[in-house]
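Here's entry-v6.cif, which has mmCIF, C-alpha atoms and all ligand atoms; chains and numbers go by the auth columns:
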data_data
loop_
_atom_site.group_PDB
_atom_site.id
_atom_site.type_symbol
_atom_site.label_atom_id
_atom_site.label_comp_id
_atom_site.label_asym_id
_atom_site.label_seq_id
_atom_site.Cartn_x
_atom_site.Cartn_y
_atom_site.Cartn_z
_atom_site.B_iso_or_equiv
_atom_site.auth_seq_id
_atom_site.auth_asym_id
ATOM 1 C CA MET A 1 206.449 32.398 25.859 0.00 92 A
ATOM 2 C CA ALA A 2 209.485 34.215 24.551 0.00 93 A
ATOM 3 C CA TYR A 3 209.243 37.828 23.408 0.00 94 A
ATOM 4 C CA PRO A 4 211.080 39.223 20.353 0.00 95 A
ATOM 5 C CA SER A 5 214.889 39.456 20.739 0.00 96 A
ATOM 6 C CA GLN A 6 214.750 37.893 24.206 0.00 97 A
ATOM 7 C CA LEU A 7 218.178 36.866 25.498 0.00 98 A
ATOM 8 C CA GLY A 8 217.397 35.277 28.870 0.00 99 A
ATOM 9 C CA LEU A 9 215.208 32.369 29.916 0.00 100 A
ATOM 10 C CA GLN A 10 211.423 32.499 29.777 0.00 101 A
ATOM 11 C CA ASP A 11 209.568 33.219 33.019 0.00 102 A
ATOM 12 C CA ALA A 12 209.297 30.107 35.174 0.00 103 A
ATOM 13 C CA SER A 13 205.835 28.577 35.542 0.00 104 A
ATOM 14 C CA SER A 14 206.772 25.480 37.500 0.00 105 A
ATOM 15 C CA PRO A 15 208.793 24.921 40.693 0.00 106 A
ATOM 16 C CA ILE A 16 211.362 22.883 38.725 0.00 107 A
ATOM 17 C CA MET A 17 211.938 25.725 36.268 0.00 108 A
ATOM 18 C CA GLU A 18 212.452 28.130 39.192 0.00 109 A
ATOM 19 C CA GLU A 19 215.124 25.789 40.544 0.00 110 A
ATOM 20 C CA LEU A 20 216.745 25.543 37.113 0.00 111 A
ATOM 21 C CA MET A 21 216.857 29.336 36.747 0.00 112 A
ATOM 22 C CA ASN A 22 218.429 29.721 40.193 0.00 113 A
ATOM 23 C CA PHE A 23 221.026 27.111 39.239 0.00 114 A
ATOM 24 C CA HIS A 24 221.652 28.888 35.921 0.00 115 A
ATOM 25 C CA ASP A 25 222.306 32.188 37.740 0.00 116 A
ATOM 26 C CA HIS A 26 224.490 30.460 40.351 0.00 117 A
ATOM 27 C CA THR A 27 226.661 28.791 37.679 0.00 118 A
ATOM 28 C CA LEU A 28 226.876 31.978 35.623 0.00 119 A
ATOM 29 C CA MET A 29 228.096 33.861 38.709 0.00 120 A
ATOM 30 C CA ILE A 30 230.953 31.342 39.133 0.00 121 A
ATOM 31 C CA VAL A 31 231.836 31.659 35.424 0.00 122 A
ATOM 32 C CA PHE A 32 231.816 35.450 35.778 0.00 123 A
ATOM 33 C CA LEU A 33 234.149 35.353 38.806 0.00 124 A
ATOM 34 C CA ILE A 34 236.610 32.987 37.082 0.00 125 A
ATOM 35 C CA SER A 35 236.592 35.080 33.881 0.00 126 A
ATOM 36 C CA SER A 36 237.235 38.279 35.847 0.00 127 A
ATOM 37 C CA LEU A 37 240.157 36.694 37.706 0.00 128 A
ATOM 38 C CA VAL A 38 241.702 35.328 34.488 0.00 129 A
ATOM 39 C CA LEU A 39 241.265 38.669 32.731 0.00 130 A
ATOM 40 C CA TYR A 40 242.872 40.459 35.687 0.00 131 A
ATOM 41 C CA ILE A 41 245.874 38.090 35.668 0.00 132 A
ATOM 42 C CA ILE A 42 246.304 38.424 31.883 0.00 133 A
ATOM 43 C CA THR A 43 246.268 42.224 32.240 0.00 134 A
ATOM 44 C CA LEU A 44 248.852 42.036 35.024 0.00 135 A
ATOM 45 C CA MET A 45 251.138 39.766 32.967 0.00 136 A
ATOM 46 C CA LEU A 46 250.948 42.077 29.971 0.00 137 A
ATOM 47 C CA THR A 47 251.450 45.355 31.808 0.00 138 A
ATOM 48 C CA THR A 48 253.973 44.594 34.572 0.00 139 A
ATOM 49 C CA LYS A 49 257.580 43.543 34.534 0.00 140 A
ATOM 50 C CA LEU A 50 258.174 39.848 35.364 0.00 141 A
ATOM 51 C CA THR A 51 259.902 39.271 38.706 0.00 142 A
ATOM 52 C CA HIS A 52 260.960 35.973 40.335 0.00 143 A
ATOM 53 C CA THR A 53 262.072 34.648 36.928 0.00 144 A
ATOM 54 C CA SER A 54 264.333 32.049 38.558 0.00 145 A
ATOM 55 C CA THR A 55 261.637 30.472 40.787 0.00 146 A
ATOM 56 C CA MET A 56 261.543 26.690 40.144 0.00 147 A
ATOM 57 C CA ASP A 57 258.624 25.637 42.358 0.00 148 A
ATOM 58 C CA ALA A 58 256.106 27.114 44.765 0.00 149 A
ATOM 59 C CA GLN A 59 254.338 24.517 46.874 0.00 150 A
ATOM 60 C CA GLU A 60 251.763 26.794 48.508 0.00 151 A
ATOM 61 C CA VAL A 61 250.324 28.275 45.333 0.00 152 A
ATOM 62 C CA GLU A 62 250.283 24.845 43.651 0.00 153 A
ATOM 63 C CA THR A 63 248.253 23.430 46.541 0.00 154 A
ATOM 64 C CA ILE A 64 245.782 26.296 46.216 0.00 155 A
ATOM 65 C CA TRP A 65 245.338 26.075 42.457 0.00 156 A
ATOM 66 C CA THR A 66 244.761 22.318 42.686 0.00 157 A
ATOM 67 C CA ILE A 67 242.220 22.369 45.511 0.00 158 A
ATOM 68 C CA LEU A 68 240.325 25.519 44.524 0.00 159 A
ATOM 69 C CA PRO A 69 239.076 24.206 41.124 0.00 160 A
ATOM 70 C CA ALA A 70 237.965 20.982 42.849 0.00 161 A
ATOM 71 C CA VAL A 71 235.963 22.999 45.382 0.00 162 A
ATOM 72 C CA ILE A 72 234.394 25.076 42.583 0.00 163 A
ATOM 73 C CA LEU A 73 233.416 21.898 40.711 0.00 164 A
ATOM 74 C CA ILE A 74 231.746 20.511 43.847 0.00 165 A
ATOM 75 C CA LEU A 75 229.857 23.810 44.281 0.00 166 A
ATOM 76 C CA ILE A 76 228.435 23.294 40.769 0.00 167 A
ATOM 77 C CA ALA A 77 227.926 19.513 40.916 0.00 168 A
ATOM 78 C CA LEU A 78 225.970 19.248 44.174 0.00 169 A
ATOM 79 C CA PRO A 79 223.106 21.668 43.320 0.00 170 A
ATOM 80 C CA SER A 80 223.028 20.210 39.803 0.00 171 A
ATOM 81 C CA LEU A 81 222.534 16.660 41.154 0.00 172 A
ATOM 82 C CA ARG A 82 219.881 17.920 43.568 0.00 173 A
ATOM 83 C CA ILE A 83 217.765 19.292 40.688 0.00 174 A
ATOM 84 C CA LEU A 84 218.417 16.179 38.600 0.00 175 A
ATOM 85 C CA TYR A 85 216.871 13.996 41.313 0.00 176 A
ATOM 86 C CA MET A 86 213.995 16.462 41.837 0.00 177 A
ATOM 87 C CA MET A 87 213.137 16.243 38.138 0.00 178 A
ATOM 88 C CA ASP A 88 213.217 12.464 38.272 0.00 179 A
ATOM 89 C CA GLU A 89 210.625 12.219 41.013 0.00 180 A
ATOM 90 C CA ILE A 90 207.142 11.019 39.998 0.00 181 A
ATOM 91 C CA ASN A 91 205.246 11.901 43.231 0.00 182 A
ATOM 92 C CA ASN A 92 201.990 10.046 42.489 0.00 183 A
ATOM 93 C CA PRO A 93 200.633 11.706 39.316 0.00 184 A
ATOM 94 C CA ALA A 94 196.991 12.807 39.158 0.00 185 A
ATOM 95 C CA LEU A 95 196.830 12.276 35.405 0.00 186 A
ATOM 96 C CA THR A 96 198.845 10.580 32.679 0.00 187 A
ATOM 97 C CA VAL A 97 199.111 11.884 29.141 0.00 188 A
ATOM 98 C CA LYS A 98 200.976 10.082 26.399 0.00 189 A
ATOM 99 C CA THR A 99 202.354 11.995 23.433 0.00 190 A
ATOM 100 C CA MET A 100 203.719 10.513 20.233 0.00 191 A
ATOM 101 C CA GLY A 101 205.894 12.467 17.826 0.00 192 A
ATOM 102 C CA HIS A 102 205.104 12.103 14.134 0.00 193 A
ATOM 103 C CA GLN A 103 206.533 13.686 11.002 0.00 194 A
ATOM 104 C CA TRP A 104 205.253 16.400 11.533 0.00 195 A
ATOM 105 C CA TYR A 105 202.726 16.716 14.315 0.00 196 A
ATOM 106 C CA TRP A 106 202.154 15.533 17.875 0.00 197 A
ATOM 107 C CA SER A 107 199.376 13.180 18.907 0.00 198 A
ATOM 108 C CA TYR A 108 198.081 13.015 22.474 0.00 199 A
ATOM 109 C CA GLU A 109 196.363 10.257 24.412 0.00 200 A
ATOM 110 C CA TYR A 110 194.767 10.689 27.849 0.00 201 A
ATOM 111 C CA THR A 111 195.300 7.153 29.056 0.00 202 A
ATOM 112 C CA ASP A 112 193.078 7.552 32.158 0.00 203 A
ATOM 113 C CA TYR A 113 190.074 7.941 29.843 0.00 204 A
ATOM 114 C CA GLU A 114 188.550 5.289 27.657 0.00 205 A
ATOM 115 C CA ASP A 115 188.734 7.188 24.385 0.00 206 A
ATOM 116 C CA LEU A 116 190.323 10.598 24.639 0.00 207 A
ATOM 117 C CA SER A 117 192.983 11.212 22.041 0.00 208 A
ATOM 118 C CA PHE A 118 193.659 13.711 19.284 0.00 209 A
ATOM 119 C CA ASP A 119 196.291 14.996 16.873 0.00 210 A
ATOM 120 C CA SER A 120 197.759 18.453 17.299 0.00 211 A
ATOM 121 C CA TYR A 121 198.780 20.177 14.063 0.00 212 A
ATOM 122 C CA MET A 122 200.270 23.631 13.611 0.00 213 A
ATOM 123 C CA VAL A 123 197.891 26.310 12.294 0.00 214 A
ATOM 124 C CA PRO A 124 199.307 27.441 8.914 0.00 215 A
ATOM 125 C CA THR A 125 200.248 31.137 8.684 0.00 216 A
ATOM 126 C CA SER A 126 197.482 31.810 6.141 0.00 217 A
ATOM 127 C CA ASP A 127 194.798 30.576 8.601 0.00 218 A
ATOM 128 C CA LEU A 128 195.939 32.601 11.627 0.00 219 A
ATOM 129 C CA LYS A 129 193.456 34.972 13.272 0.00 220 A
ATOM 130 C CA PRO A 130 194.626 38.412 14.461 0.00 221 A
ATOM 131 C CA GLY A 131 196.758 38.102 17.614 0.00 222 A
ATOM 132 C CA GLU A 132 197.660 34.461 17.097 0.00 223 A
ATOM 133 C CA LEU A 133 201.318 33.519 17.061 0.00 224 A
ATOM 134 C CA ARG A 134 202.961 32.430 13.839 0.00 225 A
ATOM 135 C CA LEU A 135 204.493 28.914 13.892 0.00 226 A
ATOM 136 C CA LEU A 136 203.354 28.402 17.507 0.00 227 A
ATOM 137 C CA GLU A 137 199.562 27.994 17.335 0.00 228 A
ATOM 138 C CA VAL A 138 198.009 24.488 17.070 0.00 229 A
ATOM 139 C CA ASP A 139 194.519 23.311 16.112 0.00 230 A
ATOM 140 C CA ASN A 140 194.052 21.118 19.222 0.00 231 A
ATOM 141 C CA ARG A 141 195.632 22.315 22.466 0.00 232 A
ATOM 142 C CA VAL A 142 196.659 19.966 25.264 0.00 233 A
ATOM 143 C CA VAL A 143 194.308 20.935 28.108 0.00 234 A
ATOM 144 C CA LEU A 144 195.679 20.033 31.535 0.00 235 A
ATOM 145 C CA PRO A 145 194.710 20.766 35.148 0.00 236 A
ATOM 146 C CA MET A 146 196.977 23.286 36.895 0.00 237 A
ATOM 147 C CA GLU A 147 198.622 22.751 40.319 0.00 238 A
ATOM 148 C CA LEU A 148 198.533 18.969 39.961 0.00 239 A
ATOM 149 C CA PRO A 149 201.409 16.601 39.178 0.00 240 A
ATOM 150 C CA ILE A 150 200.905 15.219 35.664 0.00 241 A
ATOM 151 C CA ARG A 151 202.888 12.358 34.201 0.00 242 A
ATOM 152 C CA MET A 152 203.870 12.907 30.598 0.00 243 A
ATOM 153 C CA LEU A 153 204.880 9.854 28.585 0.00 244 A
ATOM 154 C CA ILE A 154 206.823 10.714 25.461 0.00 245 A
ATOM 155 C CA SER A 155 207.633 8.518 22.490 0.00 246 A
ATOM 156 C CA SER A 156 207.778 8.639 18.705 0.00 247 A
ATOM 157 C CA GLU A 157 206.223 6.792 15.781 0.00 248 A
ATOM 158 C CA ASP A 158 208.921 7.526 13.218 0.00 249 A
ATOM 159 C CA VAL A 159 212.134 9.487 13.874 0.00 250 A
ATOM 160 C CA LEU A 160 213.663 11.244 16.884 0.00 251 A
ATOM 161 C CA HIS A 161 211.660 14.236 18.108 0.00 252 A
ATOM 162 C CA SER A 162 211.888 16.176 21.356 0.00 253 A
ATOM 163 C CA TRP A 163 208.933 17.405 23.382 0.00 254 A
ATOM 164 C CA ALA A 164 209.871 20.738 24.974 0.00 255 A
ATOM 165 C CA VAL A 165 208.070 23.496 26.886 0.00 256 A
ATOM 166 C CA PRO A 166 210.717 25.978 28.135 0.00 257 A
ATOM 167 C CA SER A 167 208.641 27.861 30.740 0.00 258 A
ATOM 168 C CA LEU A 168 207.847 24.593 32.550 0.00 259 A
ATOM 169 C CA GLY A 169 211.435 23.344 32.384 0.00 260 A
ATOM 170 C CA LEU A 170 210.543 20.418 30.133 0.00 261 A
ATOM 171 C CA LYS A 171 212.578 18.871 27.329 0.00 262 A
ATOM 172 C CA THR A 172 212.397 15.145 26.748 0.00 263 A
ATOM 173 C CA ASP A 173 213.485 13.209 23.677 0.00 264 A
ATOM 174 C CA ALA A 174 210.793 11.278 21.817 0.00 265 A
ATOM 175 C CA ILE A 175 212.515 8.078 20.734 0.00 266 A
ATOM 176 C CA PRO A 176 210.861 5.364 18.611 0.00 267 A
ATOM 177 C CA GLY A 177 210.553 2.133 20.617 0.00 268 A
ATOM 178 C CA ARG A 178 211.220 3.821 23.941 0.00 269 A
ATOM 179 C CA LEU A 179 208.879 5.483 26.408 0.00 270 A
ATOM 180 C CA ASN A 180 210.327 8.495 28.222 0.00 271 A
ATOM 181 C CA GLN A 181 208.733 10.129 31.209 0.00 272 A
ATOM 182 C CA ALA A 182 208.504 13.687 32.521 0.00 273 A
ATOM 183 C CA THR A 183 206.541 15.336 35.307 0.00 274 A
ATOM 184 C CA ILE A 184 204.553 18.506 34.646 0.00 275 A
ATOM 185 C CA SER A 185 203.243 20.746 37.342 0.00 276 A
ATOM 186 C CA SER A 186 202.240 24.324 36.675 0.00 277 A
ATOM 187 C CA ASN A 187 201.663 26.797 39.483 0.00 278 A
ATOM 188 C CA ARG A 188 199.408 29.048 37.422 0.00 279 A
ATOM 189 C CA PRO A 189 196.847 28.799 34.628 0.00 280 A
ATOM 190 C CA GLY A 190 197.707 29.924 31.118 0.00 281 A
ATOM 191 C CA LEU A 191 199.011 28.954 27.718 0.00 282 A
ATOM 192 C CA PHE A 192 202.484 27.463 27.514 0.00 283 A
ATOM 193 C CA TYR A 193 204.186 27.231 24.158 0.00 284 A
ATOM 194 C CA GLY A 194 206.899 24.863 23.031 0.00 285 A
ATOM 195 C CA GLN A 195 208.400 23.391 19.894 0.00 286 A
ATOM 196 C CA CYS A 196 209.926 20.137 18.749 0.00 287 A
ATOM 197 C CA SER A 197 213.580 20.390 19.785 0.00 288 A
ATOM 198 C CA GLU A 198 215.202 17.675 17.716 0.00 289 A
ATOM 199 C CA ILE A 199 216.017 18.231 14.051 0.00 290 A
ATOM 200 C CA CYS A 200 213.516 15.669 12.758 0.00 291 A
ATOM 201 C CA GLY A 201 213.082 16.465 9.090 0.00 292 A
ATOM 202 C CA SER A 202 212.010 19.120 6.603 0.00 293 A
ATOM 203 C CA ASN A 203 209.002 20.329 8.638 0.00 294 A
ATOM 204 C CA HIS A 204 210.775 20.190 12.011 0.00 295 A
ATOM 205 C CA SER A 205 209.935 23.828 12.783 0.00 296 A
ATOM 206 C CA PHE A 206 206.240 23.263 12.098 0.00 297 A
ATOM 207 C CA MET A 207 205.226 20.965 14.963 0.00 298 A
ATOM 208 C CA PRO A 208 204.681 23.271 17.963 0.00 299 A
ATOM 209 C CA ILE A 209 203.284 22.310 21.368 0.00 300 A
ATOM 210 C CA VAL A 210 200.591 24.316 23.189 0.00 301 A
ATOM 211 C CA LEU A 211 199.590 23.456 26.749 0.00 302 A
ATOM 212 C CA GLU A 212 196.464 25.040 28.159 0.00 303 A
ATOM 213 C CA MET A 213 196.613 24.904 31.952 0.00 304 A
ATOM 214 C CA VAL A 214 193.177 25.389 33.528 0.00 305 A
ATOM 215 C CA PRO A 215 191.609 24.888 36.975 0.00 306 A
ATOM 216 C CA LEU A 216 190.541 21.296 37.670 0.00 307 A
ATOM 217 C CA LYS A 217 186.823 22.076 37.241 0.00 308 A
ATOM 218 C CA ASN A 218 187.371 23.441 33.730 0.00 309 A
ATOM 219 C CA PHE A 219 189.566 20.472 32.868 0.00 310 A
ATOM 220 C CA GLU A 220 186.755 18.104 33.894 0.00 311 A
ATOM 221 C CA ASP A 221 184.262 20.004 31.745 0.00 312 A
ATOM 222 C CA TRP A 222 186.662 19.876 28.807 0.00 313 A
ATOM 223 C CA SER A 223 187.403 16.148 29.174 0.00 314 A
ATOM 224 C CA LEU A 224 183.653 15.362 29.388 0.00 315 A
ATOM 225 C CA SER A 225 183.037 17.387 26.236 0.00 316 A
ATOM 226 C CA MET A 226 185.764 15.431 24.422 0.00 317 A
ATOM 227 C CA ILE A 227 184.529 11.889 25.191 0.00 318 A
HETATM 228 CU CU CU B . 210.073 16.730 15.532 0.00 401 B
#
What would the structure in this file look like if it were written as structure tokens?
Amino acid sequence: MAYPSQLGLQDASSPIMEELMNFHDHTLMIVFLISSLVLYIITLMLTTKLTHTSTMDAQEVETIWTILPAVILILIALPSLRILYMMDEINNPALTVKTMGHQWYWSYEYTDYEDLSFDSYMVPTSDLKPGELRLLEVDNRVVLPMELPIRMLISSEDVLHSWAVPSLGLKTDAIPGRLNQATISSNRPGLFYGQCSEICGSNHSFMPIVLEMVPLKNFEDWSLSMI
């Protein structure tokens, strides 16, 4: 989860998020280089005397400043597309979980089980125990097995919501009448916090998401205790 006054991204807990962070750094490096060059040229123009004031055209430099931006755009587009297709892949999920957005809570359904579903409400600030996180804790956590590909189906019962868990690189819109899909895979156990990321109404900030990633054995024990 995020820590107070954090500026960067949360630590990656899935291979996809690691890729996204690498891509973020790569793109930021290009932005930094372009900004430095522009700043340098502006400084030069402001501090030096203009020469060649009668030059009408310069073929060589025009060729360079046409081709160079195209090359830079390709250097951004290709890795971006690569990650886009990686995120789209379903790779034979071990488990499917359906989540529905409601005003203002999430409900979860483990569709591989006969009757395993629950609602997940935020714990109000007055009911928090010491050490629990304000506006992030829920009464029923989504327990999932770690190191396995999980298919998440996301939809909504009323208005637009968005199911997001930053440290796993997940953010998928929950749209009424449409079923969206995302793949979760965590490379470590732990608690992963997220929030609804679509302005969905007056209690929008009060429908957090908590994933509890556990080893497969513990997940089986949990699922048996729930049905
Ligand atoms: Cu919402």
**Report entry** Residue nearest A:Asn182 - candidates A:Ile155, A:Ile300, A:Ile275, A:Met120, atoms counted: only C-alpha atoms
**Finding:** A:Ile275
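For ligand CU 401 (chain B), the set of protein, DNA and RNA residues within 8 Å, based on all atoms listed in the file, reads A:Gly192, A:His193, A:Gln194, A:Trp195, A:Tyr196, A:Val250, A:Leu251, A:His252, A:Ser253, A:Trp254, A:Cys287, A:Ser288, A:Glu289, A:Ile290, A:Cys291, A:Gly292, A:Asn294, A:His295, A:Ser296, A:Met298.
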Requested in this report: Go ahead and compute the interatomic distance for atom CA of A:Asp179 and atom CA of A:Val122, in Å to one decimal.
Outcome: 26.9 Å
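Here atom CA of A:Met243 and atom CA of A:Thr274 stand 5.9 Å from one another.
Distances here use all atoms listed in the file; by that measure, the residue among A:Ser246, A:Asn309, A:Ser211, A:Asn271 closest to A:Arg232 is A:Ser211.
Residue neighbourhood of A:Leu226, excluding near-sequence residues (fewer than 3 positions): Tyr212, Met213, Val214, Pro215, Thr216, Ser217, Asp218, Leu219, Glu223, Val229, Asp230, Tyr284, Gly285, Gln286, Cys287, Asn294, His295, Ser296, Phe297, Met298, Pro299, Ile300 and Val301 of chain A, at 12 Å, using only C-alpha atoms.
Note that atom CA of A:Pro160 and atom CA of A:Leu124 are 12.4 Å apart.
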